[in-house]
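Engineer: You'll find final_7.pdb just under this line, and it carries PDB, C-alpha atoms, pLDDT in the B column.
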ATOM      1  CA  MET A  29       1.593   0.896   0.650  1.00 72.00           C
ATOM      2  CA  CYS A  30      -1.986   0.606   1.831  1.00 89.00           C
ATOM      3  CA  GLY A  31      -2.423   2.728   4.931  1.00 95.00           C
ATOM      4  CA  ARG A  32      -6.152   3.452   4.822  1.00 97.00           C
ATOM      5  CA  TYR A  33      -9.255   1.773   3.520  1.00 98.00           C
ATOM      6  CA  GLY A  34     -13.018   1.911   3.978  1.00 98.00           C
ATOM      7  CA  ARG A  35     -15.948  -0.416   4.409  1.00 97.00           C
ATOM      8  CA  ARG A  36     -19.695   0.104   4.081  1.00 96.00           C
ATOM      9  CA  ALA A  37     -20.462  -3.561   4.624  1.00 94.00           C
ATOM     10  CA  ASP A  38     -21.661  -4.563   8.068  1.00 93.00           C
ATOM     11  CA  LYS A  39     -21.338  -7.891   9.876  1.00 93.00           C
ATOM     12  CA  GLN A  40     -24.152  -9.613   8.004  1.00 93.00           C
ATOM     13  CA  ARG A  41     -22.985  -8.418   4.592  1.00 94.00           C
ATOM     14  CA  ILE A  42     -19.415  -9.567   5.209  1.00 95.00           C
ATOM     15  CA  ALA A  43     -20.539 -12.961   6.482  1.00 94.00           C
ATOM     16  CA  GLU A  44     -22.786 -13.507   3.463  1.00 94.00           C
ATOM     17  CA  TRP A  45     -20.246 -12.343   0.887  1.00 94.00           C
ATOM     18  CA  MET A  46     -17.361 -14.352   2.302  1.00 95.00           C
ATOM     19  CA  GLN A  47     -19.455 -17.305   3.452  1.00 94.00           C
ATOM     20  CA  ALA A  48     -18.258 -17.001   7.031  1.00 93.00           C
ATOM     21  CA  HIS A  49     -19.857 -17.519  10.425  1.00 89.00           C
ATOM     22  CA  SER A  50     -19.191 -15.313  13.435  1.00 82.00           C
ATOM     23  CA  THR A  51     -17.818 -16.711  16.670  1.00 70.00           C
ATOM     24  CA  SER A  52     -16.377 -13.392  17.785  1.00 70.00           C
ATOM     25  CA  VAL A  53     -16.739 -12.167  21.359  1.00 78.00           C
ATOM     26  CA  PHE A  54     -16.375  -8.578  20.154  1.00 84.00           C
ATOM     27  CA  GLU A  55     -19.292  -6.168  20.406  1.00 87.00           C
ATOM     28  CA  GLU A  56     -21.361  -5.368  17.331  1.00 88.00           C
ATOM     29  CA  SER A  57     -19.812  -1.888  17.153  1.00 91.00           C
ATOM     30  CA  TYR A  58     -16.541  -3.414  15.927  1.00 92.00           C
ATOM     31  CA  PHE A  59     -18.348  -4.639  12.802  1.00 94.00           C
ATOM     32  CA  ALA A  60     -20.024  -1.315  12.004  1.00 94.00           C
ATOM     33  CA  PRO A  61     -19.167   0.390   8.692  1.00 96.00           C
ATOM     34  CA  SER A  62     -15.983   2.472   8.825  1.00 97.00           C
ATOM     35  CA  PHE A  63     -15.231   5.130   6.220  1.00 98.00           C
ATOM     36  CA  ASN A  64     -11.633   5.764   7.254  1.00 98.00           C
ATOM     37  CA  VAL A  65      -9.995   2.598   8.580  1.00 98.00           C
ATOM     38  CA  ALA A  66      -6.607   3.434  10.075  1.00 97.00           C
ATOM     39  CA  PRO A  67      -3.704   1.327  11.400  1.00 97.00           C
ATOM     40  CA  GLN A  68      -3.927   0.187  15.030  1.00 97.00           C
ATOM     41  CA  SER A  69      -7.724   0.090  14.886  1.00 97.00           C
ATOM     42  CA  TYR A  70      -9.698  -3.119  15.407  1.00 97.00           C
ATOM     43  CA  GLN A  71     -11.362  -4.369  12.221  1.00 97.00           C
ATOM     44  CA  PRO A  72     -13.230  -7.434  10.906  1.00 97.00           C
ATOM     45  CA  ILE A  73     -11.239 -10.144   9.132  1.00 97.00           C
ATOM     46  CA  VAL A  74     -12.082 -13.652   7.926  1.00 97.00           C
ATOM     47  CA  ARG A  75      -9.883 -16.652   8.707  1.00 97.00           C
ATOM     48  CA  LEU A  76     -10.309 -20.411   9.074  1.00 95.00           C
ATOM     49  CA  ASP A  77     -11.601 -21.645  12.421  1.00 91.00           C
ATOM     50  CA  ARG A  78      -8.860 -23.849  13.887  1.00 85.00           C
ATOM     51  CA  GLU A  79     -11.328 -26.392  15.241  1.00 85.00           C
ATOM     52  CA  THR A  80     -13.929 -26.642  12.482  1.00 87.00           C
ATOM     53  CA  GLY A  81     -11.951 -25.536   9.437  1.00 88.00           C
ATOM     54  CA  GLN A  82     -14.838 -23.253   8.462  1.00 93.00           C
ATOM     55  CA  ARG A  83     -14.521 -19.562   7.653  1.00 96.00           C
ATOM     56  CA  GLU A  84     -14.738 -17.452  10.790  1.00 95.00           C
ATOM     57  CA  LEU A  85     -15.522 -13.750  10.976  1.00 96.00           C
ATOM     58  CA  THR A  86     -13.690 -12.113  13.853  1.00 95.00           C
ATOM     59  CA  VAL A  87     -11.929  -8.861  14.804  1.00 96.00           C
ATOM     60  CA  MET A  88      -8.214  -8.084  14.983  1.00 97.00           C
ATOM     61  CA  ARG A  89      -5.957  -5.038  15.282  1.00 98.00           C
ATOM     62  CA  TRP A  90      -4.319  -3.704  12.118  1.00 98.00           C
ATOM     63  CA  GLY A  91      -0.519  -3.924  12.355  1.00 98.00           C
ATOM     64  CA  LEU A  92       0.863  -7.449  12.648  1.00 98.00           C
ATOM     65  CA  VAL A  93       2.755  -8.375  15.808  1.00 98.00           C
ATOM     66  CA  PRO A  94       4.642 -11.662  15.235  1.00 97.00           C
ATOM     67  CA  PHE A  95       4.286 -14.321  17.922  1.00 96.00           C
ATOM     68  CA  TRP A  96       8.013 -13.988  18.729  1.00 96.00           C
ATOM     69  CA  ALA A  97       8.054 -10.187  19.193  1.00 96.00           C
ATOM     70  CA  LYS A  98       9.298  -8.787  22.509  1.00 94.00           C
ATOM     71  CA  ASP A  99       6.582  -6.122  22.520  1.00 95.00           C
ATOM     72  CA  THR A 100       3.848  -4.706  20.301  1.00 96.00           C
ATOM     73  CA  LYS A 101       5.811  -1.744  18.918  1.00 95.00           C
ATOM     74  CA  ILE A 102       6.649  -3.639  15.729  1.00 96.00           C
ATOM     75  CA  GLY A 103       2.962  -3.400  14.806  1.00 96.00           C
ATOM     76  CA  PHE A 104       3.386   0.237  13.775  1.00 96.00           C
ATOM     77  CA  SER A 105       5.688  -0.778  10.895  1.00 96.00           C
ATOM     78  CA  THR A 106       3.933  -3.981   9.815  1.00 97.00           C
ATOM     79  CA  ILE A 107       0.583  -2.720   8.516  1.00 98.00           C
ATOM     80  CA  ASN A 108       1.709  -3.938   5.072  1.00 98.00           C
ATOM     81  CA  ALA A 109       3.731  -6.894   3.815  1.00 98.00           C
ATOM     82  CA  LYS A 110       5.367  -6.877   0.382  1.00 98.00           C
ATOM     83  CA  ALA A 111       4.301  -9.710  -1.895  1.00 98.00           C
ATOM     84  CA  GLU A 112       7.871 -10.095  -3.128  1.00 97.00           C
ATOM     85  CA  THR A 113       9.291 -10.857   0.326  1.00 97.00           C
ATOM     86  CA  VAL A 114       6.313 -12.064   2.375  1.00 97.00           C
ATOM     87  CA  ALA A 115       7.437 -15.702   2.201  1.00 95.00           C
ATOM     88  CA  THR A 116      10.952 -14.936   3.466  1.00 96.00           C
ATOM     89  CA  SER A 117      10.582 -11.941   5.806  1.00 97.00           C
ATOM     90  CA  PRO A 118      11.025 -12.942   9.482  1.00 96.00           C
ATOM     91  CA  ALA A 119       7.972 -10.876  10.454  1.00 97.00           C
ATOM     92  CA  PHE A 120       5.634 -12.601   7.987  1.00 98.00           C
ATOM     93  CA  ARG A 121       6.980 -15.938   6.765  1.00 96.00           C
ATOM     94  CA  GLU A 122       5.371 -18.125   9.444  1.00 96.00           C
ATOM     95  CA  ALA A 123       2.039 -16.345   9.071  1.00 97.00           C
ATOM     96  CA  MET A 124       2.262 -16.767   5.300  1.00 97.00           C
ATOM     97  CA  LYS A 125       2.569 -20.519   5.782  1.00 95.00           C
ATOM     98  CA  ARG A 126      -0.249 -21.042   8.260  1.00 93.00           C
ATOM     99  CA  ARG A 127      -2.234 -17.895   9.058  1.00 97.00           C
ATOM    100  CA  ARG A 128      -3.665 -16.247   5.979  1.00 98.00           C
ATOM    101  CA  CYS A 129      -6.853 -14.175   6.095  1.00 98.00           C
ATOM    102  CA  LEU A 130      -9.282 -12.026   4.121  1.00 98.00           C
ATOM    103  CA  VAL A 131      -9.622  -8.328   4.931  1.00 98.00           C
ATOM    104  CA  PRO A 132     -13.070  -7.027   3.863  1.00 98.00           C
ATOM    105  CA  ALA A 133     -13.083  -3.635   2.129  1.00 98.00           C
ATOM    106  CA  ASP A 134     -15.286  -1.578  -0.185  1.00 98.00           C
ATOM    107  CA  TRP A 135     -12.485   0.774  -1.205  1.00 98.00           C
ATOM    108  CA  PHE A 136      -8.994   1.864  -0.224  1.00 98.00           C
ATOM    109  CA  TYR A 137      -7.295   5.250  -0.206  1.00 98.00           C
ATOM    110  CA  GLU A 138      -4.053   6.377  -1.761  1.00 97.00           C
ATOM    111  CA  TRP A 139      -2.296   9.741  -1.950  1.00 97.00           C
ATOM    112  CA  GLN A 140      -0.887  10.994  -5.256  1.00 95.00           C
ATOM    113  CA  LYS A 141       2.109  13.269  -4.891  1.00 91.00           C
ATOM    114  CA  ILE A 142       1.441  16.518  -6.761  1.00 89.00           C
ATOM    115  CA  ASP A 143       4.532  18.441  -5.659  1.00 88.00           C
ATOM    116  CA  ALA A 144       6.910  18.630  -2.700  1.00 85.00           C
ATOM    117  CA  LYS A 145       4.187  19.892  -0.383  1.00 87.00           C
ATOM    118  CA  THR A 146       0.945  18.626  -1.902  1.00 90.00           C
ATOM    119  CA  LYS A 147      -0.683  15.201  -2.067  1.00 93.00           C
ATOM    120  CA  GLN A 148      -4.135  14.484  -3.493  1.00 96.00           C
ATOM    121  CA  PRO A 149      -6.057  11.631  -1.831  1.00 97.00           C
ATOM    122  CA  TYR A 150      -7.977   9.186  -4.022  1.00 98.00           C
ATOM    123  CA  ALA A 151     -10.465   6.458  -3.236  1.00 98.00           C
ATOM    124  CA  ILE A 152     -10.125   3.273  -5.291  1.00 98.00           C
ATOM    125  CA  ALA A 153     -12.843   0.632  -5.609  1.00 98.00           C
ATOM    126  CA  LEU A 154     -14.298  -1.949  -7.971  1.00 98.00           C
ATOM    127  CA  LYS A 155     -16.410  -0.554 -10.804  1.00 98.00           C
ATOM    128  CA  ASP A 156     -19.462  -2.479  -9.651  1.00 97.00           C
ATOM    129  CA  ASP A 157     -19.041  -1.136  -6.085  1.00 97.00           C
ATOM    130  CA  SER A 158     -18.994  -4.656  -4.681  1.00 97.00           C
ATOM    131  CA  LEU A 159     -17.312  -5.695  -1.464  1.00 98.00           C
ATOM    132  CA  PHE A 160     -13.888  -7.262  -1.970  1.00 98.00           C
ATOM    133  CA  ALA A 161     -11.194  -9.018   0.045  1.00 98.00           C
ATOM    134  CA  LEU A 162      -7.652  -7.800   0.518  1.00 98.00           C
ATOM    135  CA  ALA A 163      -5.073 -10.549   0.987  1.00 98.00           C
ATOM    136  CA  GLY A 164      -3.969 -10.530   4.615  1.00 98.00           C
ATOM    137  CA  LEU A 165      -1.977 -12.416   7.219  1.00 98.00           C
ATOM    138  CA  TRP A 166      -2.646 -12.677  10.942  1.00 98.00           C
ATOM    139  CA  ASP A 167      -0.734 -13.652  14.037  1.00 98.00           C
ATOM    140  CA  SER A 168      -1.303 -14.149  17.751  1.00 97.00           C
ATOM    141  CA  TRP A 169       1.010 -12.610  20.367  1.00 97.00           C
ATOM    142  CA  LYS A 170       1.066 -13.272  24.105  1.00 96.00           C
ATOM    143  CA  ASP A 171       1.985 -10.637  26.679  1.00 93.00           C
ATOM    144  CA  LYS A 172       4.333 -12.465  29.039  1.00 89.00           C
ATOM    145  CA  ALA A 173       3.608 -10.017  31.856  1.00 87.00           C
ATOM    146  CA  THR A 174      -0.185 -10.322  31.805  1.00 91.00           C
ATOM    147  CA  GLY A 175      -0.782 -13.493  29.819  1.00 92.00           C
ATOM    148  CA  GLN A 176      -3.224 -11.649  27.559  1.00 94.00           C
ATOM    149  CA  MET A 177      -3.410 -12.531  23.884  1.00 95.00           C
ATOM    150  CA  LEU A 178      -3.382  -9.991  21.044  1.00 97.00           C
ATOM    151  CA  GLU A 179      -4.415 -10.954  17.507  1.00 97.00           C
ATOM    152  CA  THR A 180      -3.277  -8.693  14.693  1.00 98.00           C
ATOM    153  CA  TYR A 181      -3.225  -8.607  10.886  1.00 98.00           C
ATOM    154  CA  THR A 182      -1.420  -7.081   7.920  1.00 98.00           C
ATOM    155  CA  VAL A 183      -2.399  -6.300   4.314  1.00 98.00           C
ATOM    156  CA  ILE A 184      -0.205  -7.587   1.487  1.00 98.00           C
ATOM    157  CA  THR A 185       0.796  -5.159  -1.284  1.00 98.00           C
ATOM    158  CA  THR A 186       2.079  -5.698  -4.808  1.00 98.00           C
ATOM    159  CA  ASP A 187       3.051  -3.720  -7.918  1.00 97.00           C
ATOM    160  CA  PRO A 188       0.484  -1.186  -9.175  1.00 98.00           C
ATOM    161  CA  ASN A 189      -1.779  -1.894 -12.124  1.00 98.00           C
ATOM    162  CA  GLU A 190      -2.412   0.621 -14.914  1.00 98.00           C
ATOM    163  CA  LEU A 191      -5.013   2.483 -12.860  1.00 98.00           C
ATOM    164  CA  MET A 192      -2.829   2.760  -9.782  1.00 97.00           C
ATOM    165  CA  GLN A 193       0.504   3.497 -11.451  1.00 97.00           C
ATOM    166  CA  PRO A 194      -0.065   7.272 -11.779  1.00 95.00           C
ATOM    167  CA  LEU A 195      -1.169   7.421  -8.134  1.00 96.00           C
ATOM    168  CA  HIS A 196       1.318   5.236  -6.266  1.00 95.00           C
ATOM    169  CA  ASN A 197       4.023   2.622  -6.770  1.00 96.00           C
ATOM    170  CA  ARG A 198       2.195  -0.042  -4.709  1.00 97.00           C
ATOM    171  CA  MET A 199      -1.349  -1.355  -4.333  1.00 98.00           C
ATOM    172  CA  PRO A 200      -3.000  -3.866  -1.995  1.00 98.00           C
ATOM    173  CA  VAL A 201      -3.568  -7.374  -3.288  1.00 98.00           C
ATOM    174  CA  ILE A 202      -7.258  -7.882  -4.099  1.00 98.00           C
ATOM    175  CA  LEU A 203      -8.340 -11.517  -4.238  1.00 98.00           C
ATOM    176  CA  LYS A 204     -11.032 -12.862  -6.545  1.00 97.00           C
ATOM    177  CA  PRO A 205     -13.905 -14.672  -4.754  1.00 97.00           C
ATOM    178  CA  GLU A 206     -12.986 -17.923  -6.475  1.00 97.00           C
ATOM    179  CA  ASP A 207      -9.542 -17.702  -4.870  1.00 97.00           C
ATOM    180  CA  TYR A 208     -10.732 -17.154  -1.278  1.00 97.00           C
ATOM    181  CA  GLY A 209     -10.664 -20.848  -0.458  1.00 96.00           C
ATOM    182  CA  ARG A 210      -7.176 -21.442  -1.779  1.00 96.00           C
ATOM    183  CA  TRP A 211      -5.834 -18.389   0.009  1.00 97.00           C
ATOM    184  CA  LEU A 212      -7.282 -19.395   3.368  1.00 97.00           C
ATOM    185  CA  ASP A 213      -6.444 -23.110   3.218  1.00 93.00           C
ATOM    186  CA  PRO A 214      -3.026 -23.744   4.858  1.00 87.00           C
ATOM    187  CA  GLY A 215      -2.447 -26.703   2.519  1.00 82.00           C
ATOM    188  CA  ASP A 216       1.163 -27.614   1.845  1.00 84.00           C
ATOM    189  CA  PRO A 217       3.456 -24.960   3.435  1.00 82.00           C
ATOM    190  CA  THR A 218       6.064 -25.711   0.769  1.00 83.00           C
ATOM    191  CA  ARG A 219       3.621 -24.741  -2.003  1.00 90.00           C
ATOM    192  CA  LEU A 220       2.375 -21.309  -1.013  1.00 95.00           C
ATOM    193  CA  PRO A 221      -0.261 -19.509  -3.145  1.00 96.00           C
ATOM    194  CA  VAL A 222       2.162 -16.728  -4.083  1.00 95.00           C
ATOM    195  CA  ASN A 223       0.791 -16.622  -7.630  1.00 96.00           C
ATOM    196  CA  LEU A 224      -2.348 -14.962  -6.197  1.00 97.00           C
ATOM    197  CA  LEU A 225      -0.272 -11.989  -5.062  1.00 98.00           C
ATOM    198  CA  ARG A 226      -0.582 -10.009  -8.267  1.00 97.00           C
ATOM    199  CA  PRO A 227      -2.111  -6.698  -9.382  1.00 98.00           C
ATOM    200  CA  PHE A 228      -5.893  -6.758  -9.859  1.00 98.00           C
ATOM    201  CA  ASP A 229      -7.430  -6.128 -13.287  1.00 98.00           C
ATOM    202  CA  ALA A 230      -7.357  -2.354 -13.794  1.00 98.00           C
ATOM    203  CA  ASN A 231     -10.361  -2.511 -16.141  1.00 98.00           C
ATOM    204  CA  ALA A 232     -12.517  -3.725 -13.237  1.00 98.00           C
ATOM    205  CA  MET A 233     -11.526  -0.815 -10.978  1.00 98.00           C
ATOM    206  CA  LYS A 234     -12.162   2.925 -10.664  1.00 98.00           C
ATOM    207  CA  ALA A 235     -10.562   5.831  -8.789  1.00 98.00           C
ATOM    208  CA  TRP A 236     -11.796   9.278  -7.786  1.00 98.00           C
ATOM    209  CA  LYS A 237     -10.501  12.290  -5.890  1.00 98.00           C
ATOM    210  CA  VAL A 238     -11.661  12.753  -2.306  1.00 98.00           C
ATOM    211  CA  ASN A 239     -11.317  15.545   0.224  1.00 96.00           C
ATOM    212  CA  ALA A 240      -8.042  15.972   2.113  1.00 95.00           C
ATOM    213  CA  ARG A 241      -9.946  15.604   5.385  1.00 95.00           C
ATOM    214  CA  VAL A 242      -9.560  11.841   4.977  1.00 96.00           C
ATOM    215  CA  GLY A 243      -5.957  12.356   6.064  1.00 94.00           C
ATOM    216  CA  ASN A 244      -7.155  12.928   9.621  1.00 96.00           C
ATOM    217  CA  VAL A 245      -8.033   9.608  11.266  1.00 94.00           C
ATOM    218  CA  ARG A 246     -10.621  11.352  13.441  1.00 96.00           C
ATOM    219  CA  ASN A 247     -12.741  11.964  10.354  1.00 97.00           C
ATOM    220  CA  ASN A 248     -14.768   8.801   9.872  1.00 97.00           C
ATOM    221  CA  ASP A 249     -18.031   9.545   8.071  1.00 96.00           C
ATOM    222  CA  PRO A 250     -19.561   9.012   4.595  1.00 95.00           C
ATOM    223  CA  GLY A 251     -18.155  12.362   3.458  1.00 96.00           C
ATOM    224  CA  CYS A 252     -14.645  10.903   3.513  1.00 96.00           C
ATOM    225  CA  VAL A 253     -15.322   8.930   0.368  1.00 97.00           C
ATOM    226  CA  ASP A 254     -17.404  11.547  -1.499  1.00 96.00           C
ATOM    227  CA  ALA A 255     -15.982  12.589  -4.870  1.00 96.00           C
ATOM    228  CA  ILE A 256     -14.748  16.163  -5.216  1.00 93.00           C
TER     229      ILE A 256
END
The structure given in the file should be rewritten as structure tokens.
Structural biologist:
Amino acid sequence: MCGRYGRRADKQRIAEWMQAHSTSVFEESYFAPSFNVAPQSYQPIVRLDRETGQRELTVMRWGLVPFWAKDTKIGFSTINAKAETVATSPAFREAMKRRRCLVPADWFYEWQKIDAKTKQPYAIALKDDSLFALAGLWDSWKDKATGQMLETYTVITTDPNELMQPLHNRMPVILKPEDYGRWLDPGDPTRLPVNLLRPFDANAMKAWKVNARVGNVRNNDPGCVDAI
């Protein structure tokens, strides 16, 4: 699974890299760098603007709540969607057809199991330290009691590559920049871009040990990603 990631890139950097414009009503603080992104937090994502068809940079909560859900509790168990079942799972299949997004990240974290009581956290990034996009889905849910809307997202995971295999049995799907357009474009819902949901090239990635303090969501500072 992918339960934590980090981002140095700010609003301007994300918009430039992913060729998106911002129409978000969220305060600038929501776009600030975050060194320990955790589920249920509000984070930047890029999707297609429904009216213009252009890439839009906005903010959503991590943990997808399907439009049909009775309440938001399902969001605690939907931070990830498996590539193998994303097109058929009731929680994700409609979003996979029409509501795909890019999740900006500079690295993600994973915990390697050492023994029954010990896990070593690692940070994983691209070798050139560039910003990248995780393949995501989003949905919009309406609270029937208040009428308020909640927009949420999930990160898709796939099999590990050679770098990730010793660390964990899953990894998030990283999209190549040349595939951003195809991933975002709804296109034909009967011809989904499932072939993009594959492990990233291990030779283009790196991993390093980080301090166990990253396990506490209250720790959100540059030290979280420092090598030990």
Engineer: Run the PyMOL selection byres ((chain A and resi 183-190) around 9) mentally over the shown coordinates, then write out the matched residues as a ChimeraX atom specification, using the chain letters and numbers from the document.
Structural biologist: /A:29-30,90-91,106-112,114,130-131,162-165,181-182,191-202,225-231
Engineer: Evaluating the PyMOL selection byres ((chain A and resi 67) around 9) on the displayed file yields which residues, as an MDAnalysis selection string?
Structural biologist: chainID A and resid 31:32 65:66 68:70 89:91 103:104 107
Engineer: Given the file shown, determine the residues that the PyMOL selection byres ((chain A and resi 155) around 6) selects; report them as a PyMOL selection string.
Structural biologist: chain A and resi 154+156-157+232-234
Engineer: List the neighbours of Ile256 of chain A out to 7 Å using all atoms listed in the file; skip same-chain residues closer than 6 positions along the sequence, and give me the result as a list in words.
Structural biologist: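 Counting only the stated atoms, we get Lys237, Val238 and Asn239 of chain A.
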Engineer: Go through A:Val245, A:Ala133, A:Ile152, A:Ala144 and flag the residue nearest Val74 of chain A, using all atoms listed in the file for the distances.
Structural biologist: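 For Val74 of chain A, the nearest of the given residues is A:Ala133.
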Engineer: In Å, with one decimal, what is the gap from atom CA of Asp213 of chain A to atom CA of Gly175 of chain A?
Structural biologist: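 Separating atom CA of Asp213 of chain A from atom CA of Gly175 of chain A is a distance of 28.8 Å.
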Engineer: Closest to Asp249 of chain A among A:Ile42, A:Ser50, A:Leu224, A:Ser62, using only C-alpha atoms?
Structural biologist: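 The closest residue to Asp249 of chain A is A:Ser62.
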Engineer: Considering only C-alpha atoms, can you say which of A:Cys129, A:Leu85, A:Ser57, A:Phe120 comes closest to Gly209 of chain A?
Structural biologist: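 Closest residue, counting only C-alpha atoms: A:Cys129.
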Engineer: So which one's closest to Met124 of chain A, A:Asp38, A:Glu44, A:Asp143, A:Asp167? Using all atoms listed in the file, please.
Structural biologist: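 Of A:Asp38, A:Glu44, A:Asp143, A:Asp167, the one nearest Met124 of chain A, counting all atoms listed in the file, is A:Asp167.
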Engineer: Kindly indicate which residue among A:Phe160, A:Trp169, A:Phe136, A:Phe95 lies nearest to Ala119 of chain A, using only C-alpha atoms for the distances.
Structural biologist: A:Phe95
Engineer: Report, in Å to a single decimal, how far apart atom CA of Ile142 of chain A and atom CA of Val253 of chain A are.
Structural biologist: 19.7 Å
Engineer: So how far away is atom CA of Gly34 of chain A from atom CA of Leu159 of chain A, in Å?
Structural biologist: 10.3 Å
Engineer: Using all atoms of segment 169-172 of chain A listed in the file and a margin of 3 Å per side, can you give the axis-aligned box centre and edge lengths in Å to one decimal, as AutoDock Vina command-line options?
Structural biologist:
--center_x 2.7 --center_y -12.0 --center_z 24.7 --size_x 9.3 --size_y 8.6 --size_z 14.7
Engineer: Counting only C-alpha atoms, figure out which residue out of A:Ala255, A:Ala123, A:Ala48, A:Leu92 gets nearest to Thr80 of chain A.
Structural biologist: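 When distances to Thr80 of chain A are compared using only C-alpha atoms, the smallest one comes from A:Ala48.
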Engineer: So which residues touch segment 58-60 of chain A within 10 Å, counting all atoms listed in the file, skipping near sequence neighbours fewer than 3 positions away, as a list in words?
Structural biologist: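 In the requested form, the answer reads Arg35, Arg36, Ala37, Asp38, Lys39, Gln40, Ile42, Phe54, Glu55, Phe63, Ser69, Tyr70, Gln71, Pro72, Ile73, Leu85, Thr86, Val87 and Met88 of chain A.
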Engineer: Using only C-alpha atoms, determine which residues lie at most 9 Å from Pro205 of chain A, disregarding the query and same-chain residues fewer than 5 positions distant; provide the list as a list in words.
Structural biologist: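 Here the qualifying residues turn out to be Trp45, Met46, Phe160 and Ala161 of chain A.
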Engineer: Could you take the residues named above and write them with C-alpha atoms, as a PDB file, in the frame of the given file?
Structural biologist:
ATOM      1  CA  TRP A  45     -20.246 -12.343   0.887  1.00 94.00           C
ATOM      2  CA  MET A  46     -17.361 -14.352   2.302  1.00 95.00           C
ATOM      3  CA  PHE A 160     -13.888  -7.262  -1.970  1.00 98.00           C
ATOM      4  CA  ALA A 161     -11.194  -9.018   0.045  1.00 98.00           C
TER       5      ALA A 161
END
Engineer: Rebuild N, CA and C atoms on segment 208-222 of chain A, as a PDB file, in the frame of the given file?
Structural biologist:
ATOM      1  N   TYR A 208     -10.674 -17.276  -2.734  1.00 97.00           N
ATOM      2  CA  TYR A 208     -10.732 -17.154  -1.278  1.00 97.00           C
ATOM      3  C   TYR A 208     -10.348 -18.473  -0.599  1.00 97.00           C
ATOM      4  N   GLY A 209     -10.915 -19.555  -1.077  1.00 96.00           N
ATOM      5  CA  GLY A 209     -10.664 -20.848  -0.458  1.00 96.00           C
ATOM      6  C   GLY A 209      -9.202 -21.244  -0.503  1.00 96.00           C
ATOM      7  N   ARG A 210      -8.592 -21.069  -1.639  1.00 96.00           N
ATOM      8  CA  ARG A 210      -7.176 -21.442  -1.779  1.00 96.00           C
ATOM      9  C   ARG A 210      -6.291 -20.566  -0.906  1.00 96.00           C
ATOM     10  N   TRP A 211      -6.644 -19.287  -0.806  1.00 97.00           N
ATOM     11  CA  TRP A 211      -5.834 -18.389   0.009  1.00 97.00           C
ATOM     12  C   TRP A 211      -5.917 -18.760   1.492  1.00 97.00           C
ATOM     13  N   LEU A 212      -7.096 -19.103   1.949  1.00 97.00           N
ATOM     14  CA  LEU A 212      -7.282 -19.395   3.368  1.00 97.00           C
ATOM     15  C   LEU A 212      -6.751 -20.769   3.772  1.00 97.00           C
ATOM     16  N   ASP A 213      -6.833 -21.743   2.887  1.00 93.00           N
ATOM     17  CA  ASP A 213      -6.444 -23.110   3.218  1.00 93.00           C
ATOM     18  C   ASP A 213      -4.932 -23.212   3.414  1.00 93.00           C
ATOM     19  N   PRO A 214      -4.468 -23.634   4.608  1.00 87.00           N
ATOM     20  CA  PRO A 214      -3.026 -23.744   4.858  1.00 87.00           C
ATOM     21  C   PRO A 214      -2.342 -24.659   3.845  1.00 87.00           C
ATOM     22  N   GLY A 215      -2.992 -25.807   3.524  1.00 82.00           N
ATOM     23  CA  GLY A 215      -2.447 -26.703   2.519  1.00 82.00           C
ATOM     24  C   GLY A 215      -1.012 -27.110   2.806  1.00 82.00           C
ATOM     25  N   ASP A 216      -0.245 -27.229   1.752  1.00 84.00           N
ATOM     26  CA  ASP A 216       1.163 -27.614   1.845  1.00 84.00           C
ATOM     27  C   ASP A 216       2.004 -26.349   2.030  1.00 84.00           C
ATOM     28  N   PRO A 217       2.672 -26.182   3.187  1.00 82.00           N
ATOM     29  CA  PRO A 217       3.456 -24.960   3.435  1.00 82.00           C
ATOM     30  C   PRO A 217       4.634 -24.785   2.488  1.00 82.00           C
ATOM     31  N   THR A 218       4.971 -25.835   1.738  1.00 83.00           N
ATOM     32  CA  THR A 218       6.064 -25.711   0.769  1.00 83.00           C
ATOM     33  C   THR A 218       5.546 -25.265  -0.605  1.00 83.00           C
ATOM     34  N   ARG A 219       4.209 -25.179  -0.729  1.00 90.00           N
ATOM     35  CA  ARG A 219       3.621 -24.741  -2.003  1.00 90.00           C
ATOM     36  C   ARG A 219       2.638 -23.611  -1.711  1.00 90.00           C
ATOM     37  N   LEU A 220       3.177 -22.461  -1.404  1.00 95.00           N
ATOM     38  CA  LEU A 220       2.375 -21.309  -1.013  1.00 95.00           C
ATOM     39  C   LEU A 220       1.687 -20.683  -2.230  1.00 95.00           C
ATOM     40  N   PRO A 221       0.492 -20.103  -2.025  1.00 96.00           N
ATOM     41  CA  PRO A 221      -0.261 -19.509  -3.145  1.00 96.00           C
ATOM     42  C   PRO A 221       0.254 -18.127  -3.534  1.00 96.00           C
ATOM     43  N   VAL A 222       1.553 -18.032  -3.774  1.00 95.00           N
ATOM     44  CA  VAL A 222       2.162 -16.728  -4.083  1.00 95.00           C
ATOM     45  C   VAL A 222       1.721 -16.201  -5.444  1.00 95.00           C
TER      46      VAL A 222
END
